[in-house]
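Below: run.csv (CSV, C-alpha atoms and all ligand atoms)
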```csv
chain,number,residue,atom,x,y,z
A,1,MET,CA,269.2,-34.0,160.5
A,2,LYS,CA,267.9,-35.2,157.1
A,3,LEU,CA,266.7,-38.5,155.8
A,4,ILE,CA,265.6,-39.8,152.4
A,5,ILE,CA,264.7,-43.4,151.4
A,6,HIS,CA,263.8,-45.0,148.1
A,7,GLY,CA,261.9,-48.2,147.2
A,8,GLY,CA,262.9,-48.6,143.5
A,9,PHE,CA,260.6,-47.8,140.6
A,10,PHE,CA,256.9,-47.8,140.3
A,11,SER,CA,255.2,-48.7,137.0
A,12,GLU,CA,251.7,-47.1,136.6
A,13,SER,CA,250.9,-49.5,133.8
A,14,SER,CA,251.5,-52.7,135.7
A,15,GLN,CA,250.8,-51.8,139.3
A,16,SER,CA,247.5,-51.0,141.0
A,17,HIS,CA,246.4,-47.9,142.8
A,18,GLU,CA,246.3,-50.1,146.0
A,19,THR,CA,250.0,-51.1,145.5
A,20,LYS,CA,250.9,-47.4,145.0
A,21,LYS,CA,249.1,-46.4,148.2
A,22,ALA,CA,250.6,-49.4,150.1
A,23,LYS,CA,254.1,-48.3,149.0
A,24,GLN,CA,253.5,-44.7,149.9
A,25,ASP,CA,252.2,-45.7,153.4
A,26,ALA,CA,255.2,-48.1,153.9
A,27,LEU,CA,257.7,-45.4,152.9
A,28,GLU,CA,256.0,-42.8,155.2
A,29,ARG,CA,256.0,-45.2,158.2
A,30,ILE,CA,259.7,-46.2,157.6
A,31,VAL,CA,261.1,-42.7,156.9
A,32,LYS,CA,259.3,-41.3,160.0
A,33,GLN,CA,260.3,-44.2,162.3
A,34,SER,CA,263.9,-44.0,161.0
A,35,TYR,CA,264.0,-40.3,161.6
A,36,GLU,CA,263.0,-41.0,165.3
A,37,TYR,CA,265.9,-43.4,165.4
A,38,LEU,CA,268.3,-40.9,163.8
A,39,LYS,CA,267.6,-38.6,166.8
A,40,ASN,CA,269.7,-40.9,169.0
A,41,HIS,CA,271.9,-42.7,166.5
A,42,THR,CA,274.5,-42.0,163.9
A,43,ALA,CA,273.8,-41.7,160.2
A,44,LEU,CA,275.6,-45.0,159.7
A,45,GLU,CA,273.4,-46.8,162.2
A,46,THR,CA,270.3,-45.2,160.8
A,47,ILE,CA,270.8,-46.2,157.1
A,48,VAL,CA,271.1,-49.8,158.2
A,49,TYR,CA,268.0,-49.6,160.4
A,50,ALA,CA,265.9,-48.0,157.6
A,51,VAL,CA,267.1,-50.5,154.9
A,52,GLU,CA,266.5,-53.4,157.2
A,53,GLN,CA,262.9,-52.3,157.6
A,54,MET,CA,262.4,-52.1,153.9
A,55,GLU,CA,264.1,-55.6,153.5
A,56,ASN,CA,261.5,-56.9,155.9
A,57,ASP,CA,258.6,-55.5,153.9
A,58,GLU,CA,257.6,-57.8,151.0
A,59,LEU,CA,256.4,-54.8,149.0
A,60,PHE,CA,260.1,-54.1,148.1
A,61,ASN,CA,262.6,-56.1,146.1
A,62,ALA,CA,265.2,-56.6,148.8
A,63,GLY,CA,265.4,-59.1,151.6
A,64,ILE,CA,261.9,-60.7,151.9
A,65,GLY,CA,260.2,-60.3,148.5
A,66,SER,CA,263.4,-60.4,146.4
A,67,GLN,CA,263.1,-61.4,142.8
A,68,ILE,CA,264.1,-64.8,141.5
A,69,GLN,CA,266.9,-65.3,139.0
A,70,SER,CA,266.8,-67.3,135.8
A,71,ASP,CA,267.9,-70.5,137.5
A,72,GLY,CA,265.1,-70.2,140.1
A,73,LYS,CA,267.3,-69.0,143.0
A,74,ILE,CA,267.3,-65.7,144.8
A,75,ARG,CA,270.6,-63.9,145.1
A,76,MET,CA,270.7,-60.5,146.9
A,77,SER,CA,273.2,-57.7,147.2
A,78,ALA,CA,273.6,-54.9,149.7
A,79,SER,CA,276.2,-52.3,150.6
A,80,MET,CA,276.8,-49.3,152.9
A,81,MET,CA,279.3,-46.4,153.2
A,82,ASP,CA,279.8,-43.5,155.5
A,83,SER,CA,281.6,-40.1,155.6
A,84,VAL,CA,283.4,-40.7,158.9
A,85,THR,CA,285.5,-43.7,157.8
A,86,GLU,CA,284.9,-43.6,154.0
A,87,ARG,CA,284.6,-47.3,154.2
A,88,PHE,CA,282.5,-49.3,151.8
A,89,SER,CA,281.3,-52.7,152.8
A,90,GLY,CA,278.9,-55.1,151.0
A,91,VAL,CA,277.7,-58.5,150.0
A,92,ILE,CA,277.1,-59.6,146.4
A,93,ASN,CA,274.8,-62.4,145.4
A,94,ILE,CA,274.2,-63.7,148.9
A,95,GLU,CA,271.6,-66.4,149.4
A,96,ASP,CA,269.2,-67.3,152.2
A,97,VAL,CA,269.7,-64.6,154.7
A,98,LYS,CA,266.9,-62.4,156.0
A,99,ASN,CA,268.8,-59.1,156.0
A,100,PRO,CA,271.7,-58.7,153.6
A,101,ILE,CA,272.3,-55.2,154.9
A,102,ARG,CA,273.1,-56.6,158.3
A,103,VAL,CA,275.8,-58.9,156.8
A,104,ALA,CA,277.3,-55.8,155.0
A,105,GLU,CA,277.2,-54.1,158.4
A,106,LYS,CA,279.1,-57.0,160.0
A,107,LEU,CA,281.8,-56.7,157.3
A,108,PHE,CA,282.2,-53.0,157.9
A,109,THR,CA,285.0,-53.5,160.5
A,110,TYR,CA,286.9,-56.2,158.6
A,111,ASP,CA,289.9,-55.8,156.3
A,112,ASP,CA,288.0,-57.7,153.5
A,113,ARG,CA,284.8,-55.8,153.2
A,114,VAL,CA,283.1,-56.9,150.0
A,115,LEU,CA,282.3,-60.6,149.7
A,116,GLY,CA,280.4,-62.4,147.0
A,117,GLY,CA,278.6,-65.7,146.5
A,118,GLU,CA,279.7,-68.7,148.6
A,119,GLY,CA,282.2,-66.5,150.5
A,120,ALA,CA,279.4,-64.1,151.6
A,121,ILE,CA,277.1,-67.0,152.5
A,122,SER,CA,279.7,-68.8,154.6
A,123,PHE,CA,280.7,-65.5,156.3
A,124,ALA,CA,277.1,-64.9,157.2
A,125,ARG,CA,276.6,-68.4,158.6
A,126,LYS,CA,279.8,-68.2,160.7
A,127,ASN,CA,278.5,-64.9,162.1
A,128,GLY,CA,275.2,-66.2,163.2
A,129,PHE,CA,273.0,-65.3,160.3
A,130,GLU,CA,270.6,-68.2,160.1
A,131,LYS,CA,269.4,-69.8,156.9
A,132,PHE,CA,266.2,-67.9,155.9
A,133,SER,CA,264.3,-68.1,152.7
A,134,THR,CA,263.3,-64.6,151.4
A,135,GLU,CA,261.0,-66.1,148.7
A,136,ILE,CA,257.3,-65.1,148.7
A,137,PRO,CA,254.6,-66.9,146.7
A,138,GLN,CA,254.0,-63.8,144.5
A,139,ARG,CA,257.6,-63.8,143.2
A,140,ARG,CA,257.5,-67.6,142.5
A,141,LYS,CA,254.2,-67.0,140.6
A,142,GLU,CA,255.9,-64.3,138.5
A,143,TYR,CA,258.9,-66.5,138.0
A,144,GLU,CA,256.8,-69.4,136.8
A,145,GLU,CA,254.7,-67.2,134.5
A,146,LYS,CA,258.0,-65.7,133.3
A,147,VAL,CA,256.7,-62.2,134.0
A,148,ALA,CA,259.2,-59.8,135.5
A,149,ALA,CA,257.9,-58.2,138.7
A,150,GLN,CA,257.5,-54.8,137.1
A,151,GLY,CA,258.4,-51.8,139.3
A,152,THR,CA,259.2,-54.0,142.3
A,153,GLY,CA,261.9,-52.0,143.9
A,154,THR,CA,265.4,-52.0,145.3
A,155,VAL,CA,265.7,-50.0,148.5
A,156,GLY,CA,268.1,-47.4,149.7
A,157,CYS,CA,268.6,-44.7,152.3
A,158,VAL,CA,270.8,-41.6,152.8
A,159,ALA,CA,271.1,-39.9,156.2
A,160,LEU,CA,272.7,-36.8,157.6
A,161,ASP,CA,273.0,-37.0,161.4
A,162,ALA,CA,273.1,-34.4,164.1
A,163,LYS,CA,276.9,-34.3,163.9
A,164,GLY,CA,276.8,-33.6,160.2
A,165,ASN,CA,278.0,-37.0,159.1
A,166,ILE,CA,276.5,-38.7,156.0
A,167,ALA,CA,275.9,-42.4,155.3
A,168,ALA,CA,274.2,-44.3,152.4
A,169,ALA,CA,273.0,-47.9,152.1
A,170,THR,CA,271.4,-49.9,149.3
A,171,SER,CA,269.9,-53.4,149.1
A,172,THR,CA,268.4,-55.3,146.2
A,173,GLY,CA,267.0,-58.6,145.0
A,174,GLY,CA,268.3,-57.7,141.5
A,175,LYS,CA,266.6,-57.2,138.1
A,176,GLY,CA,264.7,-60.5,138.1
A,177,PHE,CA,265.4,-63.4,135.7
A,178,GLU,CA,269.1,-62.4,135.5
A,179,MET,CA,271.9,-64.9,134.7
A,180,PRO,CA,273.4,-66.5,137.8
A,181,GLY,CA,276.6,-64.6,138.5
A,182,ARG,CA,275.3,-61.3,137.3
A,183,ILE,CA,276.6,-58.4,139.5
A,184,SER,CA,274.1,-55.7,140.6
A,185,ASP,CA,275.2,-52.1,140.9
A,186,SER,CA,273.8,-52.0,144.5
A,187,ALA,CA,276.9,-53.3,146.1
A,188,THR,CA,279.3,-51.3,144.0
A,189,THR,CA,280.3,-47.6,144.3
A,190,ALA,CA,278.3,-46.8,141.2
A,191,GLY,CA,275.1,-47.7,143.1
A,192,ASN,CA,276.0,-46.5,146.6
A,193,TYR,CA,278.6,-44.0,147.6
A,194,ALA,CA,279.2,-41.5,150.4
A,195,ASN,CA,281.9,-39.1,151.7
A,196,ALA,CA,282.0,-36.0,153.8
A,197,PHE,CA,280.3,-33.9,151.0
A,198,CYS,CA,277.5,-36.1,149.8
A,199,GLY,CA,275.8,-39.5,150.0
A,200,VAL,CA,273.9,-41.2,147.1
A,201,SER,CA,271.9,-44.4,146.7
A,202,CYS,CA,270.7,-45.6,143.3
A,203,THR,CA,268.1,-47.8,141.7
A,204,GLY,CA,267.3,-48.8,138.1
A,205,VAL,CA,269.1,-51.0,135.6
A,206,GLY,CA,272.4,-52.0,137.2
A,207,GLU,CA,274.3,-52.1,133.9
A,208,ASP,CA,273.2,-48.5,133.1
A,209,ILE,CA,274.1,-47.3,136.6
A,210,VAL,CA,277.6,-48.9,136.4
A,211,SER,CA,278.2,-47.5,132.9
A,212,ALA,CA,277.5,-44.0,134.1
A,213,SER,CA,279.0,-44.7,137.6
A,214,VAL,CA,276.1,-42.6,138.9
A,215,ALA,CA,276.7,-42.5,142.7
A,216,THR,CA,280.4,-41.9,142.4
A,217,LYS,CA,280.1,-39.2,139.8
A,218,ILE,CA,277.4,-37.3,141.7
A,219,VAL,CA,279.4,-37.4,145.0
A,220,THR,CA,282.7,-36.5,143.2
A,221,ARG,CA,281.0,-33.5,141.4
A,222,VAL,CA,279.6,-32.2,144.7
A,223,THR,CA,283.0,-32.7,146.4
A,224,ASP,CA,284.6,-30.7,143.6
A,225,GLY,CA,282.2,-27.8,144.2
A,226,MET,CA,279.2,-28.4,142.0
A,227,SER,CA,275.8,-27.9,143.5
A,228,ILE,CA,273.9,-31.1,144.2
A,229,LYS,CA,271.3,-30.1,141.4
A,230,ALA,CA,274.1,-29.4,138.9
A,231,ALA,CA,275.8,-32.7,139.8
A,232,PHE,CA,272.5,-34.7,139.3
A,233,ASP,CA,271.7,-32.8,136.0
A,234,ARG,CA,275.2,-33.5,134.5
A,235,THR,CA,275.2,-37.2,135.6
A,236,PHE,CA,271.7,-37.9,134.4
A,237,ALA,CA,272.5,-36.1,131.1
A,238,GLU,CA,275.3,-38.6,130.6
A,239,LEU,CA,272.8,-41.5,130.9
A,240,LYS,CA,270.8,-40.1,127.9
A,241,PRO,CA,272.9,-41.3,124.9
A,242,TYR,CA,272.1,-44.9,125.9
A,243,ASP,CA,268.7,-44.3,127.4
A,244,GLY,CA,270.0,-45.2,130.8
A,245,PHE,CA,267.4,-46.2,133.4
A,246,ALA,CA,268.3,-44.9,136.8
A,247,GLY,CA,267.1,-43.1,139.8
A,248,ALA,CA,269.0,-41.7,142.8
A,249,ILE,CA,268.5,-40.1,146.2
A,250,ALA,CA,271.1,-37.9,147.9
A,251,ILE,CA,271.9,-35.5,150.7
A,252,ASP,CA,274.8,-33.1,150.8
A,253,LYS,CA,276.7,-31.7,153.8
A,254,GLU,CA,274.6,-28.6,153.8
A,255,GLY,CA,271.5,-30.7,154.2
A,256,ASN,CA,270.2,-30.3,150.7
A,257,VAL,CA,268.0,-33.4,149.9
A,258,TYR,CA,267.8,-34.3,146.3
A,259,HIS,CA,266.3,-37.0,144.0
A,260,GLN,CA,266.0,-37.5,140.3
A,261,ASP,CA,265.1,-40.3,137.9
A,262,SER,CA,265.5,-40.9,134.2
A,263,PHE,CA,262.1,-42.7,133.9
A,264,PRO,CA,259.0,-42.1,135.9
A,265,LYS,CA,258.9,-42.8,138.6
A,266,MET,CA,261.1,-43.6,141.5
A,267,VAL,CA,259.4,-44.4,144.7
A,268,PHE,CA,260.9,-42.3,147.5
A,269,ALA,CA,260.1,-40.5,150.8
A,270,SER,CA,262.1,-37.8,152.7
A,271,PHE,CA,261.6,-36.3,156.2
A,272,ASP,CA,263.5,-33.7,158.2
A,273,GLY,CA,261.3,-33.7,161.4
A,274,THR,CA,258.8,-31.2,159.8
A,275,ASN,CA,258.6,-31.6,156.1
A,276,PHE,CA,257.5,-34.9,154.6
A,277,GLU,CA,257.7,-35.5,150.8
A,278,THR,CA,256.9,-38.6,148.8
A,279,PHE,CA,256.3,-39.6,145.2
A,280,ASP,CA,252.8,-39.0,143.7
A,301,LIG,N1,269.7,-51.7,140.5
A,301,LIG,C1,269.2,-53.1,140.7
A,301,LIG,C2,270.0,-54.0,139.9
A,301,LIG,O1,270.3,-53.8,138.7
A,301,LIG,C3,267.8,-53.2,140.4
A,301,LIG,C4,266.9,-52.1,140.8
A,301,LIG,O2,267.3,-51.1,141.3
A,301,LIG,O3,265.6,-52.3,140.7
A,301,LIG,O4,270.3,-55.1,140.4
```
What would you get if you wrote out this structure as structure tokens?
Ligand code: ASP
Amino acid sequence: MKLIIHGGFFSESSQSHETKKAKQDALERIVKQSYEYLKNHTALETIVYAVEQMENDELFNAGIGSQIQSDGKIRMSASMMDSVTERFSGVINIEDVKNPIRVAEKLFTYDDRVLGGEGAISFARKNGFEKFSTEIPQRRKEYEEKVAAQGTGTVGCVALDAKGNIAAATSTGGKGFEMPGRISDSATTAGNYANAFCGVSCTGVGEDIVSASVATKIVTRVTDGMSIKAAFDRTFAELKPYDGFAGAIAIDKEGNVYHQDSFPKMVFASFDGTNFETFD
């Protein structure tokens, strides 16, 4: 069993030593708790569990603590996929729910599995997701001062369970200050993808991730026989011509855990029951 999570990017220049330590501590707690959970649950159940915990932590830009868009509203996106069903489900630009990943999970068994905007909100309400504001005072302050919440991160998780199944989930509050209607990569297959060979969750600038189709390309390359390292190297090299800003975490079917970013530094933690690794 293997587990890796990310919490977006960390900016040394705009974030304090205390914030870094708080993020490291939060990731360590969440990856270890989620690993305990993985012992008795599937990869699919575990990625939702791990992402929900990060959505509930205001240190991260997903669920509570999400960034505010240019019109003053918060719109969040989340998605999930697993190797057993090869189903992808997600919500795009959903408002006023505590845990977007739980709405994506609810959609997983439906025929229509990716909902956006009003449709996503009304589906959530009909399915018992109560109105919940994920705004925190710090994000409103940043919005009012027109300062982007630098380094505040999207979250994601990839898990390989005891049966060898892989799943990936990603959840975001977006870039901050974006135009209403802008689509994040996090609920697309460029930002989150999994099959029986590999699972990937991305963070970074959604437009760059979609242009390079990062998660899909890495998974496809591993599926076609490339090593996970070679698949990452090739895909990240393709981001270079336009200075693409992305980070990704992954696990392949052999249990190789991998991560890479095009700018320092992506906030991540991995755990396999013995070995713990995080960003420095
Ligand atoms: N990828 C997210 C987006 O563009 C933002 C992030 O990962 O920080 O919406």
Counting all atoms listed in the file, what is within 10 Å of A:Glu178, bar same-chain residues fewer than 6 positions away, as a tab-separated table (two decimals) with C-alpha atoms, keeping the file's coordinate frame?
```
chain	number	residue	atom	x	y	z
A	67	GLN	CA	263.10	-61.40	142.80
A	68	ILE	CA	264.10	-64.80	141.50
A	69	GLN	CA	266.90	-65.30	139.00
A	70	SER	CA	266.80	-67.30	135.80
A	71	ASP	CA	267.90	-70.50	137.50
A	72	GLY	CA	265.10	-70.20	140.10
A	75	ARG	CA	270.60	-63.90	145.10
A	184	SER	CA	274.10	-55.70	140.60
```
*asked:* So, with only C-alpha atoms as the atoms that count, which of A:Tyr242, A:Phe9, A:Phe129, A:Phe177 lies closest to A:Glu144?
replied: A:Phe177
*If you measure from atom CA of A:Phe263 to atom CA of A:Leu27, what distance in Å do you get, rounded to one decimal?*
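Atom-to-atom, atom CA of A:Phe263 and atom CA of A:Leu27 are spaced 19.7 Å apart.
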Between chain A and ligand LIG 301 (chain A), at 8 Å or less, what are the per-residue closest atom pairs and their distances in Å? Count all atoms listed in the file, order by chain and rising residue number, and return it as JSON lines.
```
{"residue": "A:Gly8", "atom": "CA", "partner": "A:LIG301", "partner_atom": "O3", "distance": 5.4}
{"residue": "A:Phe9", "atom": "CA", "partner": "A:LIG301", "partner_atom": "O3", "distance": 6.7}
{"residue": "A:Asn61", "atom": "CA", "partner": "A:LIG301", "partner_atom": "O3", "distance": 7.3}
{"residue": "A:Ser77", "atom": "CA", "partner": "A:LIG301", "partner_atom": "O4", "distance": 7.8}
{"residue": "A:Gly151", "atom": "CA", "partner": "A:LIG301", "partner_atom": "O3", "distance": 7.4}
{"residue": "A:Thr152", "atom": "CA", "partner": "A:LIG301", "partner_atom": "O3", "distance": 6.8}
{"residue": "A:Gly153", "atom": "CA", "partner": "A:LIG301", "partner_atom": "O3", "distance": 4.9}
{"residue": "A:Thr154", "atom": "CA", "partner": "A:LIG301", "partner_atom": "O2", "distance": 4.5}
{"residue": "A:Val155", "atom": "CA", "partner": "A:LIG301", "partner_atom": "O2", "distance": 7.5}
{"residue": "A:Thr172", "atom": "CA", "partner": "A:LIG301", "partner_atom": "C1", "distance": 6.0}
{"residue": "A:Gly173", "atom": "CA", "partner": "A:LIG301", "partner_atom": "O4", "distance": 6.7}
{"residue": "A:Gly174", "atom": "CA", "partner": "A:LIG301", "partner_atom": "O4", "distance": 3.5}
{"residue": "A:Lys175", "atom": "CA", "partner": "A:LIG301", "partner_atom": "C3", "distance": 4.8}
{"residue": "A:Ile183", "atom": "CA", "partner": "A:LIG301", "partner_atom": "O4", "distance": 7.2}
{"residue": "A:Ser184", "atom": "CA", "partner": "A:LIG301", "partner_atom": "O4", "distance": 3.9}
{"residue": "A:Asp185", "atom": "CA", "partner": "A:LIG301", "partner_atom": "N1", "distance": 5.5}
{"residue": "A:Ser186", "atom": "CA", "partner": "A:LIG301", "partner_atom": "N1", "distance": 5.7}
{"residue": "A:Gly191", "atom": "CA", "partner": "A:LIG301", "partner_atom": "N1", "distance": 7.2}
{"residue": "A:Cys202", "atom": "CA", "partner": "A:LIG301", "partner_atom": "O2", "distance": 6.8}
{"residue": "A:Thr203", "atom": "CA", "partner": "A:LIG301", "partner_atom": "O2", "distance": 3.4}
{"residue": "A:Gly204", "atom": "CA", "partner": "A:LIG301", "partner_atom": "O2", "distance": 3.9}
{"residue": "A:Val205", "atom": "CA", "partner": "A:LIG301", "partner_atom": "O1", "distance": 4.3}
{"residue": "A:Gly206", "atom": "CA", "partner": "A:LIG301", "partner_atom": "O1", "distance": 3.1}
{"residue": "A:Glu207", "atom": "CA", "partner": "A:LIG301", "partner_atom": "O1", "distance": 6.5}
{"residue": "A:Ile209", "atom": "CA", "partner": "A:LIG301", "partner_atom": "N1", "distance": 7.3}
{"residue": "A:Ala246", "atom": "CA", "partner": "A:LIG301", "partner_atom": "O2", "distance": 7.7}
```
*Nearest candidate to A:Phe279 (options A:Ser83, A:Gln138, A:Gln260, A:Gln15; using all atoms listed in the file)*: A:Gln260
*What's the 9 Å shell around stretch 97-104 of chain A, counting only C-alpha atoms, without same-chain residues fewer than 6 positions away, as a PyMOL selection string?*
chain A and resi 48-49+51-52+55-56+62-64+76-80+88-91+113-115+120-121+123-125+127+129-134+169-172
*For atom CA of A:Cys157 and atom CA of A:Ile249, quote the distance in Å rounded to one decimal.*
7.6 Å
_Residues within 7 Å of A:Ile251, only C-alpha atoms, excluding chain neighbours under 4 positions, as a VMD selection string_ = chain A and resid 158 198 to 199 255 to 258
Would you mind exporting the chosen residues as an mmCIF file, keeping the file's coordinate frame, restricted to C-alpha atoms?
```cif
data_model
loop_
_atom_site.group_PDB
_atom_site.id
_atom_site.type_symbol
_atom_site.label_atom_id
_atom_site.label_comp_id
_atom_site.auth_asym_id
_atom_site.auth_seq_id
_atom_site.Cartn_x
_atom_site.Cartn_y
_atom_site.Cartn_z
ATOM 1 C CA VAL A 158 270.800 -41.600 152.800
ATOM 2 C CA CYS A 198 277.500 -36.100 149.800
ATOM 3 C CA GLY A 199 275.800 -39.500 150.000
ATOM 4 C CA GLY A 255 271.500 -30.700 154.200
ATOM 5 C CA ASN A 256 270.200 -30.300 150.700
ATOM 6 C CA VAL A 257 268.000 -33.400 149.900
ATOM 7 C CA TYR A 258 267.800 -34.300 146.300
#
```
*asked:* Need to verify the contact set: A:Ser227, 10 Å, all atoms listed in the file, exclusion of same-chain residues closer than 5 positions in sequence. Can you return it as a ChimeraX atom specification?
replied: /A:218,221-222,232-233,252,256
_atom CA of A:Ile94 to atom CA of A:Gly116, distance in Å rounded to a single decimal_ = 6.6 Å
*asked:* Considering all atoms listed in the file, can you say which of A:Glu118, A:Ser262, A:Ile228, A:Thr46 comes closest to A:Lys240?
replied: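 Of the candidates, the smallest distance to A:Lys240 is held by A:Ser262.
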_Among the residues A:Thr235, A:Asn165, A:Ser211, A:Gln24, the one that comes closest to A:Glu86 [using only C-alpha atoms]_ = A:Asn165
